[in-house]
Amino acid sequence: MLELVWLIPVLPLLGFLINGIGYKVLPKSAVAIIGSSTIFGSFAIVISLFLGIINGTMPITTINFYDFITVGNFNIPFSFLIDELSVLMMLIITGVGFLIHIYSAGYMHDDEGFNKFFAYLNLFIFFMLLLVLGSNYVIMFIGWEGVGLCSYLLIGFWFKNNAYNDAAKKAFIINRVGDLGFLLGMFLIAINFGSLEFATVFDIAKGLSPDVLGVTALTGITILLFIGATGKSAQLPLYTWLPDAMAGPTPVSALIHAATMVTAGIYMIARSNILFTLAPVTMGIIAVVGICTALFAATIGLFQNDIKKVLAYSTVSQLGYMFLALGVGSFTGALFHVMTHAFFKALLFLGAGSVIHGMSGEQDIRSMGGLRSKMPITFATFLIGTIAIAGIPPFAGFFSKDEILAKAFEVSPILWVLGVLGAMFTAFYMFRLLFLTFFGTFRGTHEQEHHVHESPINMTVPLIVLAILSIIGGFFNVPNVLGGSSNLGNYLKPIFENSMLIAESGVHALSHETEYMLMAISVSAALISIIVAYIIYMSKKIVPAADSVENSFVSNLVYNKYFVDELYNNVITKPLDVLSTTFYKIVEKSGIDGIVNGLGRLTIGTSKYLRLAQTGNTGGYVLMMVFGLVIIILFGLFIKI
Amino acid sequence: MYGLILLFIPSVFALLALFSGKSAKSVALAGAVLQLAFTVFAFYSLSSTAEFSFSTPWISSLGISFSLGQDAISLVLVFLTNILVPLIILSSFSGRPYSDNANFYALVLFMQTALIGVFSAMDCFLFYIFWEAALIPVYFIAAIWGGEDHIKITFKFFIYTIFGSLFMLLGIIMLYLQTPAPHSFAFADLANVQISSLVEGTIFGFFLLAFAIKMPIFPLHTWQPDTYTISPTPGTMLLSGIMLKMGIFGIIRWIIPIFPFAFNDWNFWLVTISVVGIIYASIIAIQQKDFKRLVAFSSIAHVGLISAGLFTGTLEGVQGAVIQMFNHGINVVGLFFILEIISQRTNSREIFSLGGIVHTAPKLAICFVIIMLGSVALPLTNGFAGEFLLLLGVYKYNMWLGAVAGLTIILGAVYSLRMYKNVMLGEANQTTQNFKDLTITEMAVLMPICAIVIILGLFPNLILSFTEPVSQQIVSYLAENSYAISGLLK
């Protein structure tokens with residue numbers, strides 16, 4: 001199988017090239033087939049790799065293609081690493097990616113940019129695969145920046161709208177802030193380890209013990225890498241681009257801003273787990289940032305009325321849980337949640353897309369209601385996704401969230417309490433969304449009501465597949481305490497082995513009784529939230545007030561997302577603009593160039609007076625000549641060169 | 001011998017063009033293409049760069065010889081020149097006031113001769129002659145076909161660069177007098193000259209002044225934005241694409257071998273000032289309204305990063321500087337050409353008066369995106385490897401300077417995307433609604449540029465491995481000739 005590995009990223013690249021070059025001539029159906037089948041081809045190869053790994057017939061391999069950048073002894077090969085982690089990520093990327101391609105064929109059917117859209121999607125998959133396939137940080141960085149570019153292109157896909165273009169620009173620039181962290185982290189690795197190859201770096205790191213090694217260097221490296229991760233995975237304080245990124249077509253939100261690209265930061269940290277485990281300070285920071293983001297975004301989600309914005313803040317919040325998992329050392333838990341989240345969040349976004357499609361572009365849940373009967377498949381699948389994310393057993397979200405919370409409790413009960421609180425918020429805003437959208441009476445216009453319809457089959461089939469995955473996804477890693485055998489944990493064991501050995505010393509495993517207790521509490525907390533949401537939005541039939549209505553200070557603060565965007569605008573964007581103008585008008589024009597022009601004027605001015613010495617009077621010239629000679633002689637006498 | 005031929009082809013065709021009236025542009029293009037073809041042929045048929053060299057006594061009484069020679073780094077710049085000149089000529093083919101002017105094409109080709117001379121001269125006197133000779137054609141191009149205020153601005157440009165050059169001339173003479181009698185201007189003799197550290201520092205300063213003005217390095221850059229903006233675009237391309245590399249090349253060829261001690265003494269301040277320049281110019285670029293001026297400031301930032309890396313004297317920095325000299329030339333010429341196409345069709349360089357061009361000109365948009373990504377150093381475009389190595393070099397040299405210099409990747413995205421968004425995206429307005437997409441000639445210029453952006457993005461080692469031995473020599477030479485090691489010997 002290994003000889004086909006290069007095809008995994010190349011197939012989507014080919015799809016991009018064919019659809020990109022032929023975007024004017026190819027019919028939509030051909031474009032959709034080319035776009036989707038290339039992804040399916042990659043998916044098939046990945047499946048066979050996966051089977052090879054679990055059957056033990058496929059060794060872990062690094063495949064070298066050529067030397068990308070070489071300077072002296074420092075060599076960065078263009079090479080791929082095929083192991084448990086990269087294959088798992090590729091399964092998610094190509095599997096979910098394929099479903100979203102199919103869905104897009106229906107969703108974007110009437111869009112004039114259909115062909116371009118498919119070309120961009122394929123390009124995105126190409127870069128995302130590079131990101132997880134790279135056997136060193138530079139190849140990962142190529143994918144990392146590449147997916148940022150595709151995200152930029154796809155957020156601003158409807159480029160006539162300048163607000164969308166601004167959202168796209170914002171996403172790219174904020175991501176670049178994170179990328180700088182990543183880049184500097186790489187430099188520090190290169191300087192300390194002399195290589196950027198995962199195998200080399202981790203082998204050296206493995207031999208270090210926390211007491212001996214340059215602790216500051218490792219802490220520095222991991223903090224810088226983590227800054228990179230906060231950009232791409234939308235964590236505090238760099239999360240603000242993700243909600244705006246909803247400007248893109250909905251399949252983009254599902255693919256890039258929920259299931260794949262935003263999990264790149266988690267992948268990067270999980271990949272570098274040994275470095276992070278050796279830097280406990282960084283681990284603490286990650287856990288705190290993760291839980292803060294999870295709570296912060298969840299509270300914003302409580303008050304949003306745009307169906308996609310709710311899901312966007314929910315994504316930020318769920319990513320926070322994944323970082324919490326990384327921070328408490330549960331790398332498997334983080335990846336488990338990456339996987340289940342990819343299923344149910346892609347499902348929810350696609351479901352939202354189906355609703356928007358049916359509602360002719362409407363996104364405000366205050367204008368929806370009662371869609372249950374009109375869009376039965378969308379409703380049923382959306383309900384499954386909602387239950388999954390709320391953490392109700394035996395749906396997927398329950399298992400992954402439970403694994404994270406249990407581990408958090410081992411490290412610190414406070415983290416666990418906050419985590420459960422976040423889970424309560426999650427259950428509340430998701431059921432609020434569900435009730436307002438699908439239950440009650442229709443609140444939109446007559447035209448919309450007349451027009452509402454269930455989506456075509458190529459949109460509902462992906463919903464059904466994802467719904468099934470959202471139901472059964474959790475069973476891939478049922479913990480021992482519930483009679484399972486932690487399949488995913490065993491599968492990923494080789495990747496996290498060394499970190500486990502280092503971390504094991506300080507941790508005491510929870511007793512089964514405690515674990516049952518924790519589960520019971522978190523599930524009942526979620527149920528209570530659902531009941532509260534039911535009372536408010538179903539029994540009392542409350543609909544959130546229109547934007548014009550005055551709100552209390554707190555809800556106003558939260559509804560406006562704590563004014564973080566405004567804060568950044570006033571603290572960073574505007575001062576930078578002012579600085580730019582000041583530099584140009586004052587420092588540049590009056591200051592530096594002023595001196596240059598001043599020197600010019602000085603020369604002209606001086607000559608204006610000096611020329612008066614040219615009198616034509618011979619006596620004067622002779623006098624000057626004598627002075628000159630005297631000076632030369634004196635100079636020669638006293639100063640020897 | 002080959003070096004001499006490379007010098008002659010453009011000058012012969014310049015003369016031909018001068019007397020061929022209306023068909024001057026075809027003659028000029030033919031000459032430039034022949035030059036490129038010959039460069040490629042020479043490159044592949046020669047086994048070593050030594051075979052490019054040529055030397056004959058010229059004014060022997062003064063120890064001046066007509067001596068040419070190329071190492072890998074100068075060959076990269078010769079290649080850059082010979083790739084860009086035909087593209088620049090082709091880009092001037094239609095619709096501009098200079099399009100049918102024989103003088104214009106002759107000037108471009110004379111400029112090419114002078115540039116090749118600068119990159120090949122192994123005699124300092126000869127170098128100086130070519131150095132000044134390169135200024136004359138571009139001065140006339142800017143002065144004759146320039147835009148608003150061109151007399152004043154080109155005058156300032158001319159005086160400013162001459163001011164620096166005269167100091168270099170003074171330095172050359174001082175250095176010449178230090179060589180054992182009978183004196184010599186030959187590179188090898190100058191590099192072996194024994195001088196006190198005070199004299200070395202002084203002459204180093206004189207040379208550096210000339211080179212720094214030409215590049216330009218902050219704060220000696222204020223002639224540049226005006227000159228780039230008002231020059232007709234081929235002039236801007238020559239200035240930004242090739243001519244500024246004369247300054248960087250001067251540092252590599254002349255300053256490092258002759259003044260290694262002074263270089264090592266001063267490099268911290270030079271790296272620092274370069275890094276300041278990167279940030280300063282990037283921040284100014286953010287609020288520029290004229291897109292040509294915006295790219296002019298971004299060019300100061302890019303050159304700042306190149307010089308910062310070079311001044312660190314690390315292998316990463318030097319190799320990064322070499323590859324980035326090439327890539328900056330390609331990208332900046334592409335960008336200026338795209339802006340020229342847009343301003344030609346809309347009569348505007350004001351980014352806020354444009355918008356929506358992408359609707360009617362998708363080909364232009366694709367080329368614009370590719371070249372812009374190269375210029376913001378996105379991986380798999382040509383800008384990445386250079387920027388990566390330069391930043392790594394600066395970071396190795398000093399962590400904090402490296403981190404500050406790294407801000408360029410954010411600021412670069414800010415001003416580039418802002419320009420792209422306002423010019424290309426959004427709704428079309430009255431100026432842009434009938435925008436015509438690229439013509440065949442324009443495609444013929446932009447396709448090779450985009451191809452280079454991607455090919456060198458995929459395979460940066462094509463250049464890196466070629467220049468590595470020379471860069472290694474430079475780095476170890478600097479390491480051996482530092483006061484830190486041999487301070488007592490001097």
# chains A, B, ... in the order shown; residues from 1 in each chain; ligands from 1
$ closest_atom_pairs --of "range 10-88 of chain B" --to "range 95-117 of chain B" --cutoff "10 Å" --atoms "only C-alpha atoms" --output "Markdown table"
| residue | atom | partner | partner_atom | distance |
| --- | --- | --- | --- | --- |
| B:Pro10 | CA | B:Leu109 | CA | 5.2 |
| B:Ser11 | CA | B:Phe110 | CA | 5.6 |
| B:Val12 | CA | B:Leu109 | CA | 8.8 |
| B:Phe13 | CA | B:Leu109 | CA | 7.2 |
| B:Ala14 | CA | B:Ala106 | CA | 4.3 |
| B:Leu15 | CA | B:Ala106 | CA | 6.6 |
| B:Leu16 | CA | B:Ala106 | CA | 8.1 |
| B:Ala17 | CA | B:Ala106 | CA | 5.7 |
| B:Leu18 | CA | B:Ala102 | CA | 5.2 |
| B:Phe19 | CA | B:Ala102 | CA | 7.3 |
| B:Ser20 | CA | B:Ala102 | CA | 7.1 |
| B:Gly21 | CA | B:Ala102 | CA | 5.7 |
| B:Lys22 | CA | B:Asp100 | CA | 6.1 |
| B:Ser23 | CA | B:Asp100 | CA | 8.0 |
| B:Ala24 | CA | B:Ala102 | CA | 5.1 |
| B:Lys25 | CA | B:Tyr105 | CA | 6.4 |
| B:Ser26 | CA | B:Tyr105 | CA | 9.5 |
| B:Val27 | CA | B:Tyr105 | CA | 8.8 |
| B:Ala28 | CA | B:Tyr105 | CA | 6.1 |
| B:Leu29 | CA | B:Tyr105 | CA | 8.7 |
| B:Gly31 | CA | B:Leu109 | CA | 8.3 |
| B:Ala32 | CA | B:Leu109 | CA | 7.7 |
| B:Gln35 | CA | B:Gln112 | CA | 10.0 |
| B:Ser67 | CA | B:Gly117 | CA | 9.9 |
| B:Leu68 | CA | B:Gly117 | CA | 7.8 |
| B:Gly69 | CA | B:Gly117 | CA | 9.7 |
| B:Ser74 | CA | B:Ile116 | CA | 9.0 |
| B:Leu75 | CA | B:Ile116 | CA | 9.5 |
| B:Leu77 | CA | B:Ile116 | CA | 8.4 |
| B:Val78 | CA | B:Ile116 | CA | 6.1 |
| B:Phe79 | CA | B:Ile116 | CA | 9.5 |
| B:Thr81 | CA | B:Gln112 | CA | 7.1 |
| B:Asn82 | CA | B:Gln112 | CA | 7.9 |
| B:Leu84 | CA | B:Gln112 | CA | 9.8 |
| B:Val85 | CA | B:Gln112 | CA | 7.2 |
| B:Pro86 | CA | B:Leu109 | CA | 9.5 |
| B:Ile88 | CA | B:Val108 | CA | 8.8 |
$ closest_atom_pairs --of "chain A" --to "chain B" --cutoff "7 Å" --atoms "only C-alpha atoms" --output "Markdown table"
| residue | atom | partner | partner_atom | distance |
| --- | --- | --- | --- | --- |
| A:Phe68 | CA | B:Phe459 | CA | 6.1 |
| A:Ile69 | CA | B:Asn461 | CA | 5.7 |
| A:Thr70 | CA | B:Asn461 | CA | 6.6 |
| A:Val71 | CA | B:Glu316 | CA | 6.5 |
| A:Ile142 | CA | B:Pro379 | CA | 5.1 |
| A:Glu145 | CA | B:Leu378 | CA | 6.7 |
| A:Phe159 | CA | B:Gly426 | CA | 5.6 |
| A:Lys160 | CA | B:Gly426 | CA | 4.0 |
| A:Asn161 | CA | B:Gly426 | CA | 5.7 |
| A:Asn162 | CA | B:Gly426 | CA | 5.5 |
| A:Asn165 | CA | B:Lys421 | CA | 6.9 |
| A:Lys169 | CA | B:Leu417 | CA | 6.5 |
| A:Ile173 | CA | B:Ala413 | CA | 6.2 |
| A:Arg176 | CA | B:Ile410 | CA | 5.5 |
| A:Val177 | CA | B:Ile410 | CA | 6.0 |
| A:Leu180 | CA | B:Gly406 | CA | 6.5 |
| A:Leu184 | CA | B:Ala403 | CA | 7.0 |
| A:Phe187 | CA | B:Leu392 | CA | 5.9 |
| A:Asp577 | CA | B:Gln287 | CA | 6.5 |
| A:Ser580 | CA | B:Ile284 | CA | 4.6 |
| A:Thr581 | CA | B:Gln287 | CA | 6.4 |
| A:Phe583 | CA | B:Ile284 | CA | 6.2 |
| A:Tyr584 | CA | B:Ile284 | CA | 5.7 |
| A:Ile592 | CA | B:Pro219 | CA | 6.9 |
| A:Asp593 | CA | B:Thr222 | CA | 5.7 |
$ write_last_selection --atoms "C-alpha atoms" --output "CSV table (one decimal), in the first residue's frame"
chain,number,residue,atom,x,y,z
A,68,PHE,CA,13.1,20.5,0.3
A,69,ILE,CA,15.4,23.0,2.0
A,70,THR,CA,19.0,22.2,2.8
A,71,VAL,CA,21.5,24.5,4.5
A,142,ILE,CA,3.2,24.1,4.6
A,145,GLU,CA,-0.5,27.9,6.1
A,159,PHE,CA,-16.5,38.2,-2.7
A,160,LYS,CA,-19.1,40.8,-3.8
A,161,ASN,CA,-19.9,41.3,-0.2
A,162,ASN,CA,-17.3,43.4,1.5
A,165,ASN,CA,-14.1,39.9,2.5
A,169,LYS,CA,-9.0,38.9,5.7
A,173,ILE,CA,-4.3,37.8,9.6
A,176,ARG,CA,-0.8,34.6,10.8
A,177,VAL,CA,-0.4,35.9,14.4
A,180,LEU,CA,4.4,33.5,13.9
A,184,LEU,CA,9.4,30.9,16.2
A,187,PHE,CA,13.3,28.0,15.1
A,577,ASP,CA,-3.5,52.5,11.5
A,580,SER,CA,1.0,53.9,10.1
A,581,THR,CA,-0.2,57.4,9.3
A,583,PHE,CA,5.1,57.2,10.6
A,584,TYR,CA,4.3,58.2,7.1
A,592,ILE,CA,13.8,61.6,7.7
A,593,ASP,CA,13.0,63.0,4.4
$ select_by_dssp --residues "range 412-545 of chain A" --states "helix (DSSP H, G or I)" --output "PyMOL selection string"
chain A and resi 413-438+446-451+457-477+480-482+487-504+512-539
$ closest_residue --among "A:Phe43, A:Leu7, A:Asn19, A:Ile502" --to "Gly207 in chain A" --atoms "only C-alpha atoms"
A:Ile502
$ atom_distance --atom1 "CA of Gly235 in chain B" --atom2 "CA of Leu4 in chain B"
25.3 Å
$ residues_around --residues "range 395-400 of chain A" --least-positions-apart "4" --cutoff "10 Å" --atoms "only C-alpha atoms" --output "JSON, numbers by chain"
{"A": [321, 322, 325, 332, 333, 334, 335, 336, 337, 338, 339, 340, 341, 343, 344, 384, 385, 386, 387, 388, 389, 390, 391, 404, 405, 467, 468, 469, 470, 471, 472, 473, 474, 475, 476, 477, 478, 479, 482, 519, 522, 523]}
$ select_by_dssp --residues "range 38-73 of chain B" --states "strand (DSSP E)" --output "PyMOL selection string"
chain B and resi 54-59+64-68
$ write_last_selection --atoms "C-alpha atoms" --output "PDB file, in the first residue's frame"
ATOM      1  CA  PHE B  54      37.980  37.042 -18.498  1.00  0.00           C
ATOM      2  CA  SER B  55      40.851  39.396 -17.808  1.00  0.00           C
ATOM      3  CA  THR B  56      43.038  41.750 -19.789  1.00  0.00           C
ATOM      4  CA  PRO B  57      45.117  44.759 -18.758  1.00  0.00           C
ATOM      5  CA  TRP B  58      43.258  47.956 -19.427  1.00  0.00           C
ATOM      6  CA  ILE B  59      44.976  51.031 -18.001  1.00  0.00           C
ATOM      7  CA  ILE B  64      43.455  48.813 -13.788  1.00  0.00           C
ATOM      8  CA  SER B  65      42.444  45.684 -15.618  1.00  0.00           C
ATOM      9  CA  PHE B  66      39.318  44.726 -17.467  1.00  0.00           C
ATOM     10  CA  SER B  67      38.606  41.671 -15.462  1.00  0.00           C
ATOM     11  CA  LEU B  68      35.383  39.744 -15.161  1.00  0.00           C
TER      12      LEU B  68
END
$ atom_distance --atom1 "CA of Ala444 in chain B" --atom2 "CA of Gly383 in chain B"
21.7 Å
$ atom_distance --atom1 "CA of Thr229 in chain B" --atom2 "CA of Val138 in chain B"
13.8 Å
$ residues_around --residues "Phe50 in chain A" --least-positions-apart "3" --cutoff "8 Å" --atoms "only C-alpha atoms" --output "VMD selection string"
chain A and resid 46 to 47 53 to 54 84 87 to 88
$ write_last_selection --atoms "C-alpha atoms" --output "PDB file, in the first residue's frame"
ATOM      1  CA  VAL A  46      -6.360   5.650   3.789  1.00  0.00           C
ATOM      2  CA  ILE A  47      -8.788   2.886   4.716  1.00  0.00           C
ATOM      3  CA  ILE A  53      -2.075  -0.861  10.793  1.00  0.00           C
ATOM      4  CA  ILE A  54      -4.706  -2.541  12.910  1.00  0.00           C
ATOM      5  CA  GLU A  84      -1.457   5.602  13.735  1.00  0.00           C
ATOM      6  CA  VAL A  87      -3.854   7.728   9.470  1.00  0.00           C
ATOM      7  CA  LEU A  88      -6.551   8.484  12.059  1.00  0.00           C
TER       8      LEU A  88
END
$ closest_residue --among "B:Ile463, B:Met237, B:Ile366, B:Val303" --to "Ile330 in chain B" --atoms "only C-alpha atoms"
B:Met237
$ residues_around --residues "Phe118 in chain A" --least-positions-apart "2" --cutoff "8 Å" --atoms "only C-alpha atoms" --output "JSON, numbers by chain"
{"A": [16, 19, 31, 32, 35, 101, 114, 115, 116, 120, 121, 122]}
$ residues_around --residues "Gly241 in chain B" --least-positions-apart "5" --cutoff "10 Å" --atoms "only C-alpha atoms" --output "ChimeraX atom specification"
/B:80-81,84-85,88,234-236,299,325-334,336
$ write_last_selection --atoms "N, CA and C atoms" --output "PDB file, in the first residue's frame"
ATOM      1  N   LEU B  80      19.044  36.312 -12.895  1.00  0.00           N
ATOM      2  CA  LEU B  80      17.900  37.155 -12.562  1.00  0.00           C
ATOM      3  C   LEU B  80      17.771  38.288 -13.572  1.00  0.00           C
ATOM      4  N   THR B  81      18.888  38.967 -13.833  1.00  0.00           N
ATOM      5  CA  THR B  81      18.877  40.078 -14.787  1.00  0.00           C
ATOM      6  C   THR B  81      18.412  39.614 -16.155  1.00  0.00           C
ATOM      7  N   LEU B  84      14.732  38.752 -16.233  1.00  0.00           N
ATOM      8  CA  LEU B  84      13.801  39.870 -16.065  1.00  0.00           C
ATOM      9  C   LEU B  84      13.816  40.842 -17.236  1.00  0.00           C
ATOM     10  N   VAL B  85      14.981  41.094 -17.825  1.00  0.00           N
ATOM     11  CA  VAL B  85      15.021  42.110 -18.887  1.00  0.00           C
ATOM     12  C   VAL B  85      14.094  41.766 -20.057  1.00  0.00           C
ATOM     13  N   ILE B  88      10.649  42.507 -18.935  1.00  0.00           N
ATOM     14  CA  ILE B  88      10.385  43.936 -18.803  1.00  0.00           C
ATOM     15  C   ILE B  88      10.171  44.556 -20.186  1.00  0.00           C
ATOM     16  N   PRO B 234       8.404  50.157 -16.365  1.00  0.00           N
ATOM     17  CA  PRO B 234       9.648  49.426 -16.662  1.00  0.00           C
ATOM     18  C   PRO B 234      10.824  49.966 -15.839  1.00  0.00           C
ATOM     19  N   GLY B 235      10.829  51.264 -15.609  1.00  0.00           N
ATOM     20  CA  GLY B 235      11.879  51.846 -14.786  1.00  0.00           C
ATOM     21  C   GLY B 235      11.780  51.338 -13.365  1.00  0.00           C
ATOM     22  N   THR B 236      10.557  51.318 -12.845  1.00  0.00           N
ATOM     23  CA  THR B 236      10.360  50.813 -11.482  1.00  0.00           C
ATOM     24  C   THR B 236      10.808  49.363 -11.388  1.00  0.00           C
ATOM     25  N   SER B 299       8.622  46.788  -0.509  1.00  0.00           N
ATOM     26  CA  SER B 299       9.934  46.394  -1.007  1.00  0.00           C
ATOM     27  C   SER B 299      11.033  46.802  -0.016  1.00  0.00           C
ATOM     28  N   MET B 325      17.082  37.391  -2.854  1.00  0.00           N
ATOM     29  CA  MET B 325      17.387  38.415  -3.858  1.00  0.00           C
ATOM     30  C   MET B 325      16.726  38.037  -5.170  1.00  0.00           C
ATOM     31  N   PHE B 326      16.883  36.765  -5.518  1.00  0.00           N
ATOM     32  CA  PHE B 326      16.306  36.284  -6.765  1.00  0.00           C
ATOM     33  C   PHE B 326      14.779  36.368  -6.714  1.00  0.00           C
ATOM     34  N   ASN B 327      14.213  35.837  -5.640  1.00  0.00           N
ATOM     35  CA  ASN B 327      12.756  35.776  -5.557  1.00  0.00           C
ATOM     36  C   ASN B 327      12.110  37.146  -5.449  1.00  0.00           C
ATOM     37  N   HIS B 328      12.745  38.031  -4.692  1.00  0.00           N
ATOM     38  CA  HIS B 328      12.189  39.376  -4.583  1.00  0.00           C
ATOM     39  C   HIS B 328      12.149  40.029  -5.954  1.00  0.00           C
ATOM     40  N   GLY B 329      13.220  39.825  -6.742  1.00  0.00           N
ATOM     41  CA  GLY B 329      13.248  40.397  -8.082  1.00  0.00           C
ATOM     42  C   GLY B 329      12.073  39.912  -8.919  1.00  0.00           C
ATOM     43  N   ILE B 330      11.859  38.598  -8.912  1.00  0.00           N
ATOM     44  CA  ILE B 330      10.766  38.023  -9.696  1.00  0.00           C
ATOM     45  C   ILE B 330       9.417  38.566  -9.219  1.00  0.00           C
ATOM     46  N   ASN B 331       9.198  38.512  -7.901  1.00  0.00           N
ATOM     47  CA  ASN B 331       7.876  38.872  -7.384  1.00  0.00           C
ATOM     48  C   ASN B 331       7.570  40.349  -7.550  1.00  0.00           C
ATOM     49  N   VAL B 332       8.567  41.193  -7.306  1.00  0.00           N
ATOM     50  CA  VAL B 332       8.275  42.619  -7.333  1.00  0.00           C
ATOM     51  C   VAL B 332       8.019  43.066  -8.777  1.00  0.00           C
ATOM     52  N   VAL B 333       8.721  42.454  -9.721  1.00  0.00           N
ATOM     53  CA  VAL B 333       8.472  42.788 -11.125  1.00  0.00           C
ATOM     54  C   VAL B 333       7.060  42.340 -11.519  1.00  0.00           C
ATOM     55  N   GLY B 334       6.678  41.143 -11.073  1.00  0.00           N
ATOM     56  CA  GLY B 334       5.324  40.676 -11.352  1.00  0.00           C
ATOM     57  C   GLY B 334       4.274  41.596 -10.766  1.00  0.00           C
ATOM     58  N   PHE B 336       4.548  44.795  -9.862  1.00  0.00           N
ATOM     59  CA  PHE B 336       4.500  46.104 -10.518  1.00  0.00           C
ATOM     60  C   PHE B 336       3.848  45.996 -11.895  1.00  0.00           C
TER      61      PHE B 336
END
$ residues_around --residues "range 140-148 of chain B" --least-positions-apart "4" --cutoff "6 Å" --atoms "only C-alpha atoms" --output "list of chain:residue names"
B:Thr154, B:Ile230, B:Ser231, B:Pro232
